[in-house]
$ cat my_file_4.txt   # compact mmCIF, C-alpha atoms
# COMPACT_ATOMS: atom_id res chain seq x y z
CA MET A 1176 0.00 0.00 0.00
CA TYR A 1177 1.15 3.53 -0.71
CA LYS A 1178 2.39 5.67 2.16
CA LEU A 1179 1.88 9.41 1.91
CA HIS A 1180 3.89 11.70 4.18
CA CYS A 1181 1.64 14.70 4.65
CA PHE A 1182 0.06 17.18 7.05
CA ALA A 1183 -3.29 18.93 7.26
CA GLN A 1184 -2.20 22.43 6.19
CA SER A 1185 -0.29 21.24 3.11
CA GLY A 1186 -2.17 21.88 -0.11
CA ASN A 1187 0.72 20.25 -1.93
CA SER A 1188 0.05 17.08 0.06
CA PHE A 1189 -3.67 17.43 -0.61
CA LYS A 1190 -3.03 17.40 -4.37
CA VAL A 1191 -1.66 13.87 -4.04
CA ALA A 1192 -4.11 12.64 -1.39
CA PHE A 1193 -7.03 13.78 -3.56
CA LEU A 1194 -5.59 12.13 -6.68
CA LEU A 1195 -5.04 8.85 -4.81
CA ARG A 1196 -8.70 8.92 -3.72
CA ALA A 1197 -9.89 9.79 -7.25
CA LEU A 1198 -7.86 6.83 -8.51
CA GLY A 1199 -9.42 4.57 -5.86
CA GLN A 1200 -6.01 3.85 -4.36
CA ALA A 1201 -5.68 3.17 -0.66
CA TYR A 1202 -2.79 4.76 1.19
CA GLU A 1203 -1.46 5.06 4.70
CA PRO A 1204 -0.89 8.66 5.81
CA VAL A 1205 2.38 9.38 7.64
CA PHE A 1206 2.23 12.59 9.65
CA VAL A 1207 4.95 15.18 9.01
CA ASP A 1208 5.00 17.68 11.88
CA PHE A 1209 5.98 20.46 9.48
CA MET A 1210 4.24 23.18 11.48
CA ASN A 1211 6.56 22.42 14.42
CA GLY A 1212 9.70 22.28 12.31
CA ALA A 1213 10.11 18.53 11.75
CA SER A 1214 11.18 19.03 8.13
CA ARG A 1215 13.91 21.50 9.11
CA ASP A 1216 15.70 18.78 11.11
CA PRO A 1217 18.86 17.74 9.21
CA ALA A 1218 18.25 14.09 10.17
CA TRP A 1219 14.73 14.22 8.69
CA ARG A 1220 16.10 15.77 5.52
CA GLU A 1221 18.81 13.14 5.22
CA ALA A 1222 16.36 10.27 5.76
CA THR A 1223 13.22 11.56 4.10
CA ASN A 1224 13.55 14.51 1.74
CA GLU A 1225 16.61 16.69 1.22
CA MET A 1226 14.29 19.40 -0.13
CA GLY A 1227 12.66 19.73 3.30
CA GLU A 1228 9.12 19.47 1.98
CA ALA A 1229 5.97 17.37 2.04
CA PRO A 1230 4.44 15.43 0.37
CA ILE A 1231 6.55 12.31 0.01
CA LEU A 1232 5.06 9.20 -1.59
CA GLU A 1233 6.39 5.77 -0.76
CA ASP A 1234 5.58 3.00 -3.24
CA GLY A 1235 7.35 -0.11 -1.99
CA THR A 1236 11.01 0.82 -1.89
CA ARG A 1237 10.53 3.89 -4.07
CA ARG A 1238 10.33 7.28 -2.47
CA ILE A 1239 9.19 10.23 -4.58
CA THR A 1240 8.93 13.90 -3.62
CA GLN A 1241 7.60 17.05 -5.26
CA SER A 1242 3.84 16.95 -5.74
CA GLY A 1243 4.18 17.48 -9.50
CA ALA A 1244 6.52 14.50 -9.84
CA ILE A 1245 4.26 12.32 -7.69
CA LEU A 1246 1.18 13.30 -9.68
CA SER A 1247 3.00 12.43 -12.93
CA TYR A 1248 4.15 9.10 -11.50
CA LEU A 1249 0.65 8.13 -10.35
CA ALA A 1250 -1.03 9.25 -13.60
CA ASP A 1251 1.44 7.18 -15.63
CA LYS A 1252 1.21 4.16 -13.36
CA HIS A 1253 -2.59 4.06 -13.20
CA GLY A 1254 -3.22 5.33 -16.73
CA ALA A 1255 -5.58 8.10 -15.71
CA TYR A 1256 -5.66 11.90 -15.41
CA GLY A 1257 -2.39 12.31 -17.33
CA GLY A 1258 -3.81 13.60 -20.64
CA THR A 1259 -4.53 11.38 -23.62
CA THR A 1260 -2.06 12.49 -26.31
CA PRO A 1261 1.61 13.56 -26.25
CA GLU A 1262 0.43 17.13 -26.90
CA GLU A 1263 -1.95 17.00 -23.93
CA LYS A 1264 0.70 15.45 -21.69
CA LEU A 1265 3.05 18.32 -22.50
CA GLU A 1266 0.29 20.86 -21.83
CA VAL A 1267 -0.31 19.15 -18.48
CA LEU A 1268 3.38 19.50 -17.62
CA ARG A 1269 3.35 23.13 -18.76
CA TRP A 1270 0.53 24.03 -16.37
CA ILE A 1271 2.04 22.05 -13.50
CA LEU A 1272 5.25 24.05 -13.96
CA PHE A 1273 3.29 27.32 -14.02
CA ASP A 1274 1.53 26.18 -10.86
CA ASN A 1275 4.80 25.47 -9.08
CA HIS A 1276 6.42 28.68 -10.28
CA LYS A 1277 3.60 31.19 -9.88
CA PHE A 1278 0.15 29.93 -8.91
CA THR A 1279 0.48 27.66 -5.90
CA SER A 1280 3.82 29.11 -4.88
CA TYR A 1281 2.91 32.76 -4.32
CA PHE A 1282 -0.50 31.83 -2.92
CA ALA A 1283 0.89 29.26 -0.48
CA SER A 1284 3.56 31.68 0.74
CA TYR A 1285 0.93 34.39 1.22
CA ARG A 1286 -1.45 32.08 3.09
CA PHE A 1287 1.31 30.69 5.31
CA SER A 1288 2.56 34.14 6.30
CA LYS A 1289 -0.98 35.44 6.78
CA SER A 1290 -2.22 32.61 8.98
CA PHE A 1291 0.54 30.33 10.22
CA GLY A 1292 3.88 32.16 10.27
CA PRO A 1293 5.95 32.51 13.44
CA VAL A 1294 5.83 36.31 13.30
CA ALA A 1295 3.29 38.85 12.07
CA PRO A 1296 3.49 39.20 8.29
CA ASP A 1297 5.49 42.08 6.81
CA PRO A 1298 3.13 44.39 4.89
CA ALA A 1299 5.59 45.02 2.05
CA VAL A 1300 6.21 41.30 1.51
CA MET A 1301 2.48 40.56 1.65
CA ALA A 1302 1.74 43.29 -0.89
CA TRP A 1303 4.40 41.89 -3.21
CA LEU A 1304 3.08 38.33 -2.90
CA LYS A 1305 -0.51 39.51 -3.35
CA GLY A 1306 0.40 41.28 -6.58
CA ARG A 1307 2.15 38.20 -7.91
CA LEU A 1308 -0.57 35.73 -6.96
CA GLU A 1309 -3.25 37.96 -8.48
CA VAL A 1310 -1.38 37.99 -11.79
CA ALA A 1311 -1.28 34.19 -11.69
CA TYR A 1312 -4.97 33.92 -10.73
CA ASP A 1313 -5.88 36.24 -13.59
CA ILE A 1314 -4.02 34.06 -16.09
CA VAL A 1315 -5.74 30.90 -14.86
CA ASN A 1316 -9.13 32.63 -14.69
CA LYS A 1317 -8.82 33.79 -18.32
CA HIS A 1318 -7.78 30.29 -19.37
CA LEU A 1319 -10.74 28.71 -17.56
CA ALA A 1320 -13.15 31.09 -19.32
CA LYS A 1321 -12.46 29.01 -22.43
CA THR A 1322 -12.24 25.44 -21.12
CA PRO A 1323 -13.84 23.44 -18.27
CA PHE A 1324 -10.51 21.98 -17.14
CA MET A 1325 -6.97 23.21 -17.62
CA VAL A 1326 -6.14 20.79 -20.47
CA GLY A 1327 -9.00 19.55 -22.62
CA ASN A 1328 -12.49 18.61 -21.48
CA ALA A 1329 -11.61 16.24 -18.67
CA PRO A 1330 -9.70 16.68 -15.43
CA THR A 1331 -5.99 15.97 -15.42
CA ILE A 1332 -3.22 16.18 -12.86
CA ALA A 1333 -2.78 19.82 -13.95
CA ASP A 1334 -6.16 20.46 -12.33
CA PHE A 1335 -5.26 18.48 -9.21
CA SER A 1336 -2.05 20.52 -8.97
CA LEU A 1337 -3.49 23.99 -9.52
CA SER A 1338 -6.59 23.49 -7.37
CA GLY A 1339 -4.84 21.96 -4.37
CA TYR A 1340 -4.89 25.05 -2.15
CA ALA A 1341 -8.31 26.32 -3.28
CA PHE A 1342 -10.20 23.91 -1.02
CA TYR A 1343 -8.96 25.47 2.21
CA PRO A 1344 -11.08 28.01 4.12
CA GLU A 1345 -10.85 31.43 2.49
CA GLU A 1346 -10.42 33.06 5.90
CA GLU A 1347 -6.86 31.68 5.84
CA ASN A 1348 -5.96 34.10 3.04
CA GLY A 1349 -8.62 36.79 3.32
CA LEU A 1350 -8.40 37.71 -0.37
CA ASP A 1351 -11.94 36.74 -1.50
CA LEU A 1352 -10.41 35.08 -4.56
CA LEU A 1353 -13.32 32.86 -5.55
CA ASN A 1354 -15.67 35.83 -5.81
CA ARG A 1355 -13.11 37.83 -7.74
CA TYR A 1356 -12.16 35.03 -10.17
CA PRO A 1357 -15.48 33.39 -11.13
CA HIS A 1358 -14.07 30.97 -13.72
CA VAL A 1359 -11.65 29.70 -11.09
CA ALA A 1360 -14.57 29.31 -8.67
CA ALA A 1361 -16.65 27.30 -11.17
CA TRP A 1362 -13.68 25.03 -11.88
CA VAL A 1363 -13.00 24.54 -8.17
CA ALA A 1364 -16.63 23.40 -7.85
CA ARG A 1365 -16.12 20.97 -10.76
CA MET A 1366 -13.04 19.53 -9.07
CA GLN A 1367 -14.86 19.26 -5.76
CA ALA A 1368 -17.54 17.16 -7.51
CA LEU A 1369 -15.02 14.51 -8.58
CA PRO A 1370 -15.11 11.10 -6.91
CA GLY A 1371 -13.04 10.97 -3.76
CA TRP A 1372 -12.99 14.66 -2.87
CA VAL A 1373 -12.93 15.32 0.88
CA ALA A 1374 -12.15 18.63 2.59
CA PRO A 1375 -8.39 18.82 3.35
CA TYR A 1376 -8.84 19.16 7.12
CA ASP A 1377 -11.00 16.02 7.13
CA LEU A 1378 -8.47 14.07 5.11
CA MET A 1379 -4.95 14.66 6.37
CA PRO A 1380 -3.35 14.27 9.79
CA GLY A 1381 -2.49 17.18 12.07
CA ASP A 1382 -4.39 19.62 14.24
CA ARG A 1383 -6.36 22.42 12.69
CA ILE A 1384 -4.70 25.80 13.41
CA LEU A 1385 -6.83 28.93 13.35
CA PRO A 1386 -5.41 31.99 11.56
CA LYS A 1387 -2.88 33.65 13.85
CA TRP A 1388 -2.62 37.14 12.36
CA MET B 1278 14.26 25.05 -38.05
CA TYR B 1279 13.29 25.77 -34.47
CA LYS B 1280 12.34 29.30 -33.52
CA LEU B 1281 13.08 30.42 -29.98
CA HIS B 1282 11.32 33.51 -28.61
CA CYS B 1283 13.79 34.89 -26.09
CA PHE B 1284 15.64 37.95 -24.78
CA ALA B 1285 19.10 38.56 -23.39
CA GLN B 1286 18.21 38.94 -19.70
CA SER B 1287 16.09 35.77 -19.56
CA GLY B 1288 17.84 32.89 -17.83
CA ASN B 1289 14.78 30.79 -18.56
CA SER B 1290 15.34 31.42 -22.26
CA PHE B 1291 19.04 30.68 -21.85
CA LYS B 1292 18.22 27.22 -20.45
CA VAL B 1293 16.63 26.31 -23.78
CA ALA B 1294 19.11 28.15 -26.02
CA PHE B 1295 22.01 26.37 -24.29
CA LEU B 1296 20.32 22.96 -24.58
CA LEU B 1297 19.64 23.51 -28.29
CA ARG B 1298 23.33 24.30 -28.80
CA ALA B 1299 24.41 21.29 -26.73
CA LEU B 1300 22.14 19.15 -28.91
CA GLY B 1301 23.67 20.67 -32.05
CA GLN B 1302 20.28 22.01 -33.15
CA ALA B 1303 20.07 25.22 -35.13
CA TYR B 1304 17.39 27.72 -34.21
CA GLU B 1305 16.25 31.17 -35.18
CA PRO B 1306 15.96 33.58 -32.24
CA VAL B 1307 12.84 35.76 -32.12
CA PHE B 1308 13.30 38.81 -29.90
CA VAL B 1309 10.72 39.33 -27.14
CA ASP B 1310 10.98 42.93 -25.89
CA PHE B 1311 10.06 41.80 -22.38
CA MET B 1312 12.07 44.55 -20.69
CA ASN B 1313 9.86 47.14 -22.37
CA GLY B 1314 6.61 45.35 -21.57
CA ALA B 1315 5.93 43.45 -24.82
CA SER B 1316 4.74 40.35 -22.96
CA ARG B 1317 2.22 42.36 -20.92
CA ASP B 1318 0.34 43.34 -24.08
CA PRO B 1319 -2.96 41.38 -24.20
CA ALA B 1320 -2.57 40.89 -27.96
CA TRP B 1321 0.89 39.34 -27.46
CA ARG B 1322 -0.51 37.07 -24.77
CA GLU B 1323 -3.41 36.00 -26.98
CA ALA B 1324 -1.15 35.27 -29.95
CA THR B 1325 2.01 34.00 -28.29
CA ASN B 1326 1.77 32.93 -24.66
CA GLU B 1327 -1.16 33.46 -22.31
CA MET B 1328 1.29 33.06 -19.40
CA GLY B 1329 3.08 36.25 -20.45
CA GLU B 1330 6.53 34.70 -20.37
CA ALA B 1331 9.54 33.77 -22.46
CA PRO B 1332 10.86 31.39 -23.72
CA ILE B 1333 8.52 30.03 -26.36
CA LEU B 1334 9.74 27.32 -28.72
CA GLU B 1335 8.21 26.88 -32.14
CA ASP B 1336 8.72 23.51 -33.81
CA GLY B 1337 6.82 23.62 -37.09
CA THR B 1338 3.22 24.31 -36.12
CA ARG B 1339 3.79 23.41 -32.46
CA ARG B 1340 4.32 26.13 -29.93
CA ILE B 1341 5.55 25.20 -26.46
CA THR B 1342 6.09 27.43 -23.44
CA GLN B 1343 7.57 26.97 -19.94
CA SER B 1344 11.29 26.25 -20.04
CA GLY B 1345 10.81 22.98 -18.13
CA ALA B 1346 8.25 21.72 -20.66
CA ILE B 1347 10.46 22.77 -23.58
CA LEU B 1348 13.52 21.07 -22.05
CA SER B 1349 11.49 17.86 -21.57
CA TYR B 1350 10.18 18.03 -25.14
CA LEU B 1351 13.66 18.49 -26.62
CA ALA B 1352 15.26 15.79 -24.45
CA ASP B 1353 12.56 13.31 -25.49
CA LYS B 1354 12.70 14.28 -29.15
CA HIS B 1355 16.48 14.12 -29.47
CA GLY B 1356 17.04 11.28 -27.01
CA ALA B 1357 19.63 13.11 -24.92
CA TYR B 1358 19.97 14.79 -21.53
CA GLY B 1359 16.66 13.36 -20.28
CA GLY B 1360 18.01 10.71 -17.91
CA THR B 1361 18.45 7.08 -18.87
CA THR B 1362 15.94 5.15 -16.72
CA PRO B 1363 12.36 5.84 -15.59
CA GLU B 1364 13.75 6.49 -12.10
CA GLU B 1365 16.24 9.03 -13.44
CA LYS B 1366 13.60 10.70 -15.60
CA LEU B 1367 11.40 11.18 -12.54
CA GLU B 1368 14.34 12.57 -10.56
CA VAL B 1369 14.99 14.99 -13.41
CA LEU B 1370 11.38 16.16 -13.26
CA ARG B 1371 11.59 16.45 -9.48
CA TRP B 1372 14.56 18.82 -9.66
CA ILE B 1373 13.06 20.84 -12.51
CA LEU B 1374 9.98 21.37 -10.33
CA PHE B 1375 12.14 22.39 -7.38
CA ASP B 1376 13.96 24.78 -9.68
CA ASN B 1377 10.74 26.39 -10.85
CA HIS B 1378 9.29 26.58 -7.36
CA LYS B 1379 12.28 27.69 -5.32
CA PHE B 1380 15.68 27.89 -7.00
CA THR B 1381 15.33 29.86 -10.20
CA SER B 1382 12.13 31.56 -9.10
CA TYR B 1383 13.33 33.38 -5.97
CA PHE B 1384 16.72 34.10 -7.52
CA ALA B 1385 15.27 35.50 -10.74
CA SER B 1386 12.83 37.70 -8.83
CA TYR B 1387 15.66 38.98 -6.62
CA ARG B 1388 17.95 39.72 -9.57
CA PHE B 1389 15.21 41.41 -11.57
CA SER B 1390 14.24 43.69 -8.68
CA LYS B 1391 17.86 44.37 -7.81
CA SER B 1392 19.02 45.29 -11.31
CA PHE B 1393 16.19 45.78 -13.75
CA GLY B 1394 12.97 46.71 -11.95
CA PRO B 1395 11.08 49.93 -12.73
CA VAL B 1396 11.44 51.21 -9.15
CA ALA B 1397 14.07 50.85 -6.44
CA PRO B 1398 13.74 47.47 -4.70
CA ASP B 1399 11.86 47.31 -1.39
CA PRO B 1400 14.29 46.22 1.37
CA ALA B 1401 11.73 43.98 3.12
CA VAL B 1402 10.84 42.15 -0.09
CA MET B 1403 14.52 41.77 -0.99
CA ALA B 1404 15.33 40.37 2.45
CA TRP B 1405 12.48 37.88 2.14
CA LEU B 1406 13.57 36.76 -1.34
CA LYS B 1407 17.22 36.55 -0.24
CA GLY B 1408 16.27 34.27 2.65
CA ARG B 1409 14.26 32.00 0.39
CA LEU B 1410 16.86 31.79 -2.37
CA GLU B 1411 19.62 31.04 0.13
CA VAL B 1412 17.60 28.10 1.50
CA ALA B 1413 17.26 26.79 -2.06
CA TYR B 1414 20.96 27.34 -2.83
CA ASP B 1415 21.88 25.50 0.35
CA ILE B 1416 19.78 22.48 -0.66
CA VAL B 1417 21.34 22.34 -4.13
CA ASN B 1418 24.85 22.92 -2.74
CA LYS B 1419 24.44 20.01 -0.29
CA HIS B 1420 23.13 17.81 -3.10
CA LEU B 1421 26.07 18.69 -5.37
CA ALA B 1422 28.52 17.79 -2.61
CA LYS B 1423 27.57 14.18 -3.36
CA THR B 1424 27.18 14.09 -7.14
CA PRO B 1425 28.77 15.88 -10.11
CA PHE B 1426 25.40 16.60 -11.76
CA MET B 1427 21.92 16.84 -10.28
CA VAL B 1428 20.83 13.37 -11.41
CA GLY B 1429 23.49 10.72 -11.88
CA ASN B 1430 26.94 11.21 -13.33
CA ALA B 1431 26.04 12.97 -16.55
CA PRO B 1432 24.31 16.27 -17.27
CA THR B 1433 20.56 16.27 -17.78
CA ILE B 1434 17.94 18.90 -18.42
CA ALA B 1435 17.70 19.26 -14.62
CA ASP B 1436 21.18 20.80 -14.77
CA PHE B 1437 20.30 23.01 -17.73
CA SER B 1438 17.24 24.20 -15.79
CA LEU B 1439 18.89 24.87 -12.44
CA SER B 1440 22.05 26.48 -13.84
CA GLY B 1441 20.31 28.81 -16.30
CA TYR B 1442 20.69 31.99 -14.28
CA ALA B 1443 24.11 31.19 -12.83
CA PHE B 1444 25.95 32.28 -15.98
CA TYR B 1445 24.96 35.93 -15.69
CA PRO B 1446 27.34 38.50 -14.16
CA GLU B 1447 27.26 38.28 -10.37
CA GLU B 1448 27.10 42.07 -10.10
CA GLU B 1449 23.46 41.74 -11.20
CA ASN B 1450 22.58 40.10 -7.88
CA GLY B 1451 25.43 41.17 -5.59
CA LEU B 1452 25.11 38.09 -3.37
CA ASP B 1453 28.51 36.46 -4.01
CA LEU B 1454 26.73 33.12 -4.31
CA LEU B 1455 29.45 31.19 -6.13
CA ASN B 1456 31.97 31.90 -3.39
CA ARG B 1457 29.47 31.01 -0.70
CA TYR B 1458 28.23 27.78 -2.34
CA PRO B 1459 31.37 26.08 -3.66
CA HIS B 1460 29.70 22.87 -4.87
CA VAL B 1461 27.33 25.00 -6.93
CA ALA B 1462 30.31 26.91 -8.30
CA ALA B 1463 32.13 23.70 -9.32
CA TRP B 1464 29.00 22.40 -11.03
CA VAL B 1465 28.45 25.69 -12.87
CA ALA B 1466 32.02 25.33 -14.19
CA ARG B 1467 31.21 21.76 -15.32
CA MET B 1468 28.11 23.01 -17.16
CA GLN B 1469 30.08 25.83 -18.72
CA ALA B 1470 32.54 23.26 -20.14
CA LEU B 1471 29.78 21.46 -22.08
CA PRO B 1472 29.72 21.74 -25.87
CA GLY B 1473 27.80 24.75 -27.08
CA TRP B 1474 28.06 26.94 -24.00
CA VAL B 1475 28.19 30.66 -24.79
CA ALA B 1476 27.70 33.52 -22.32
CA PRO B 1477 24.01 34.55 -22.26
CA TYR B 1478 24.67 38.14 -23.38
CA ASP B 1479 26.60 36.84 -26.37
CA LEU B 1480 23.84 34.42 -27.32
CA MET B 1481 20.43 36.02 -27.09
CA PRO B 1482 18.97 39.18 -28.67
CA GLY B 1483 18.40 42.41 -26.77
CA ASP B 1484 20.55 45.21 -25.40
CA ARG B 1485 22.65 44.69 -22.31
CA ILE B 1486 21.25 46.71 -19.39
CA LEU B 1487 23.57 47.68 -16.56
CA PRO B 1488 22.27 47.24 -12.99
CA LYS B 1489 19.97 50.15 -12.20
CA TRP B 1490 19.87 50.06 -8.40

$ encode --input "my_file_4.txt" --output "structure tokens"
Amino acid sequence: MYKLHCFAQSGNSFKVAFLLRALGQAYEPVFVDFMNGASRDPAWREATNEMGEAPILEDGTRRITQSGAILSYLADKHGAYGGTTPEEKLEVLRWILFDNHKFTSYFASYRFSKSFGPVAPDPAVMAWLKGRLEVAYDIVNKHLAKTPFMVGNAPTIADFSLSGYAFYPEEENGLDLLNRYPHVAAWVARMQALPGWVAPYDLMPGDRILPKW
Amino acid sequence: MYKLHCFAQSGNSFKVAFLLRALGQAYEPVFVDFMNGASRDPAWREATNEMGEAPILEDGTRRITQSGAILSYLADKHGAYGGTTPEEKLEVLRWILFDNHKFTSYFASYRFSKSFGPVAPDPAVMAWLKGRLEVAYDIVNKHLAKTPFMVGNAPTIADFSLSGYAFYPEEENGLDLLNRYPHVAAWVARMQALPGWVAPYDLMPGDRILPKW
């Protein structure tokens, strides 16, 4: 059985947990106490992931990190959600890269600083991140005005990747994004209707933390 | 012949230009006047790349964007630099994702703000980016203490991706990174010794701009 190292607040972990459920694949969650610094421990990095991040997927003796790499591995292995042609597969990769570079990344940094960081967020940094994440949301919103899912007419791992953080309570970011980006909101609802969807805080281990700032 | 939409300051474009040269593939550069806002024009985005970024590779009627997707496409098509086993190919993807999320991304934002931005950089934002890019450099430096290239003993597109910005003049970032991360420096020298390497400002179209701030 798969093992998935994850924690409740990690939208990157949720991307994989949700895909495993959509694929009908059982897995054992392994709690990473990221919020208390477990992944900053050099011994954890040496043994588990030198990049210091969750999720990590164990499949027998294989150990894979980076949500985008895990999603690609699972889509290939189970023959689903990977796109149906070489052109689609490359488009899927293209959007997963955009997600990692600009969509999830700026949003996740903003949300973490806003709700979970060790110190009150710096206004200048938050304004910079907000500007960047809004540019990324605008690009995805415009794209989703023309297509129900990111690549073609059916969900792919590009959708699992980009939507991963959109299922968390909006109070954690306070940006009212789903009202402001209606095509993103409609697509989030389409993803939420897929088999296996469960709210992140009901799915992954770790205590819920209320916004701190 | 390939066409590569690119501009001199773009390390992401350089990743692809360098790989094309290492593969012995001719290409026609197409200048993107990014530094003067060409890629923010809605008409350019509609016609060329909705993500508003360079590089873009044209291969006949195909048009591919995101440096990581282009590198993967070229490695597959030419059967080189992609890794030799499924395990290596997944490791290559894993590092390309890390590069897009944390290594190139924070560094490129820092360098752009430091040298080329329209206004003087905000000290709080620069301190935040510097902290993040140093964490990423430390992870890559530790990894390169154990291996000559990112995945296995030969260069792959993971190396082309991660090293793309390291060939620009250090005065553009002012962080003295190659002295501070010696395993990164040794690897950059190994990449620079590959066939086809040319300094970015000698390779791609667009005027050199001296650091503004």

$ interface_residues --input "my_file_4.txt" --of "chain B" --to "chain A" --cutoff "10 Å" --atoms "all atoms listed in the file" --output "ChimeraX atom specification"
/B:1322,1327-1329,1339,1341-1347,1349-1350,1363-1364,1366-1383,1399-1406,1412-1413,1415-1417,1419-1420

$ residues_around --input "my_file_4.txt" --residues "B:Arg1485" --least-positions-apart "5" --cutoff "9 Å" --atoms "all atoms listed in the file" --output "list in words"
Ala1285, Gln1286 and Tyr1478 of chain B

$ closest_residue --input "my_file_4.txt" --among "A:Tyr1340, A:Ser1284, A:Leu1179, A:Glu1228" --to "A:Arg1196" --atoms "all atoms listed in the file"
A:Leu1179

$ residues_around --input "my_file_4.txt" --residues "A:His1253" --least-positions-apart "5" --cutoff "10 Å" --atoms "only C-alpha atoms" --output "list in words"
Leu1195, Leu1198, Gln1200 and Tyr1248 of chain A

$ atom_distance --input "my_file_4.txt" --atom1 "atom CA of A:Val1205" --atom2 "atom CA of A:Pro1230"
9.7 Å

$ atom_distance --input "my_file_4.txt" --atom1 "atom CA of A:Val1326" --atom2 "atom CA of A:Glu1345"
25.7 Å

$ residues_around --input "my_file_4.txt" --residues "A:Thr1223" --least-positions-apart "5" --cutoff "9 Å" --atoms "all atoms listed in the file" --output "CSV table (one decimal) with C-alpha atoms, keeping the file's coordinate frame"
chain,number,residue,atom,x,y,z
A,1214,SER,CA,11.2,19.0,8.1
A,1218,ALA,CA,18.2,14.1,10.2
A,1231,ILE,CA,6.6,12.3,0.0
A,1238,ARG,CA,10.3,7.3,-2.5

$ atom_distance --input "my_file_4.txt" --atom1 "atom CA of A:Ala1374" --atom2 "atom CA of A:Pro1344"
9.6 Å

$ residues_around --input "my_file_4.txt" --residues "B:Gly1473" --least-positions-apart "5" --cutoff "12 Å" --atoms "all atoms listed in the file" --output "PyMOL selection string"
chain B and resi 1291-1303+1468+1480

$ residues_around --input "my_file_4.txt" --residues "A:Pro1323" --least-positions-apart "6" --cutoff "12 Å" --atoms "all atoms listed in the file" --output "PyMOL selection string"
chain A and resi 1315-1317+1329-1331+1334+1358-1366

$ closest_residue --input "my_file_4.txt" --among "A:Tyr1177, A:Met1325, A:Phe1209, A:Leu1319" --to "A:Pro1380" --atoms "all atoms listed in the file"
A:Phe1209

$ residues_near_point --input "my_file_4.txt" --point "(14.9, 44.5, -15.9)" --cutoff "12 Å" --atoms "only C-alpha atoms" --output "ChimeraX atom specification"
/B:1284-1287,1310-1314,1385-1398,1449-1450,1483-1490

$ residues_near_point --input "my_file_4.txt" --point "(15.5, 24.5, -40.6)" --cutoff "12 Å" --atoms "only C-alpha atoms" --output "ChimeraX atom specification"
/B:1278-1280,1302-1305,1335-1337

$ build_atoms --input "my_file_4.txt" --residues "stretch 1388-1399 of chain B" --atoms "N, CA and C atoms" --output "short mmCIF file (atom, residue, chain, number, x, y, z; two decimals), in the frame of the given file"
data_model
loop_
_atom_site.label_atom_id
_atom_site.label_comp_id
_atom_site.auth_asym_id
_atom_site.auth_seq_id
_atom_site.Cartn_x
_atom_site.Cartn_y
_atom_site.Cartn_z
N ARG B 1388 17.07 39.06 -8.57
CA ARG B 1388 17.95 39.72 -9.57
C ARG B 1388 17.19 40.77 -10.36
N PHE B 1389 15.98 40.45 -10.77
CA PHE B 1389 15.21 41.41 -11.57
C PHE B 1389 14.97 42.68 -10.76
N SER B 1390 14.52 42.51 -9.51
CA SER B 1390 14.24 43.69 -8.68
C SER B 1390 15.51 44.47 -8.40
N LYS B 1391 16.60 43.73 -8.16
CA LYS B 1391 17.86 44.37 -7.81
C LYS B 1391 18.44 45.18 -8.97
N SER B 1392 18.31 44.67 -10.18
CA SER B 1392 19.02 45.29 -11.31
C SER B 1392 18.15 45.91 -12.38
N PHE B 1393 16.93 45.40 -12.55
CA PHE B 1393 16.19 45.78 -13.75
C PHE B 1393 14.78 46.31 -13.49
N GLY B 1394 14.35 46.33 -12.24
CA GLY B 1394 12.97 46.71 -11.95
C GLY B 1394 12.71 48.19 -12.22
N PRO B 1395 11.43 48.54 -12.40
CA PRO B 1395 11.08 49.93 -12.73
C PRO B 1395 11.24 50.89 -11.55
N VAL B 1396 11.26 50.35 -10.34
CA VAL B 1396 11.44 51.21 -9.15
C VAL B 1396 12.52 50.58 -8.26
N ALA B 1397 13.05 51.37 -7.35
CA ALA B 1397 14.07 50.85 -6.44
C ALA B 1397 13.48 49.69 -5.63
N PRO B 1398 14.27 48.63 -5.41
CA PRO B 1398 13.74 47.47 -4.70
C PRO B 1398 13.36 47.79 -3.25
N ASP B 1399 12.31 47.15 -2.77
CA ASP B 1399 11.86 47.31 -1.39
C ASP B 1399 12.73 46.43 -0.49
#
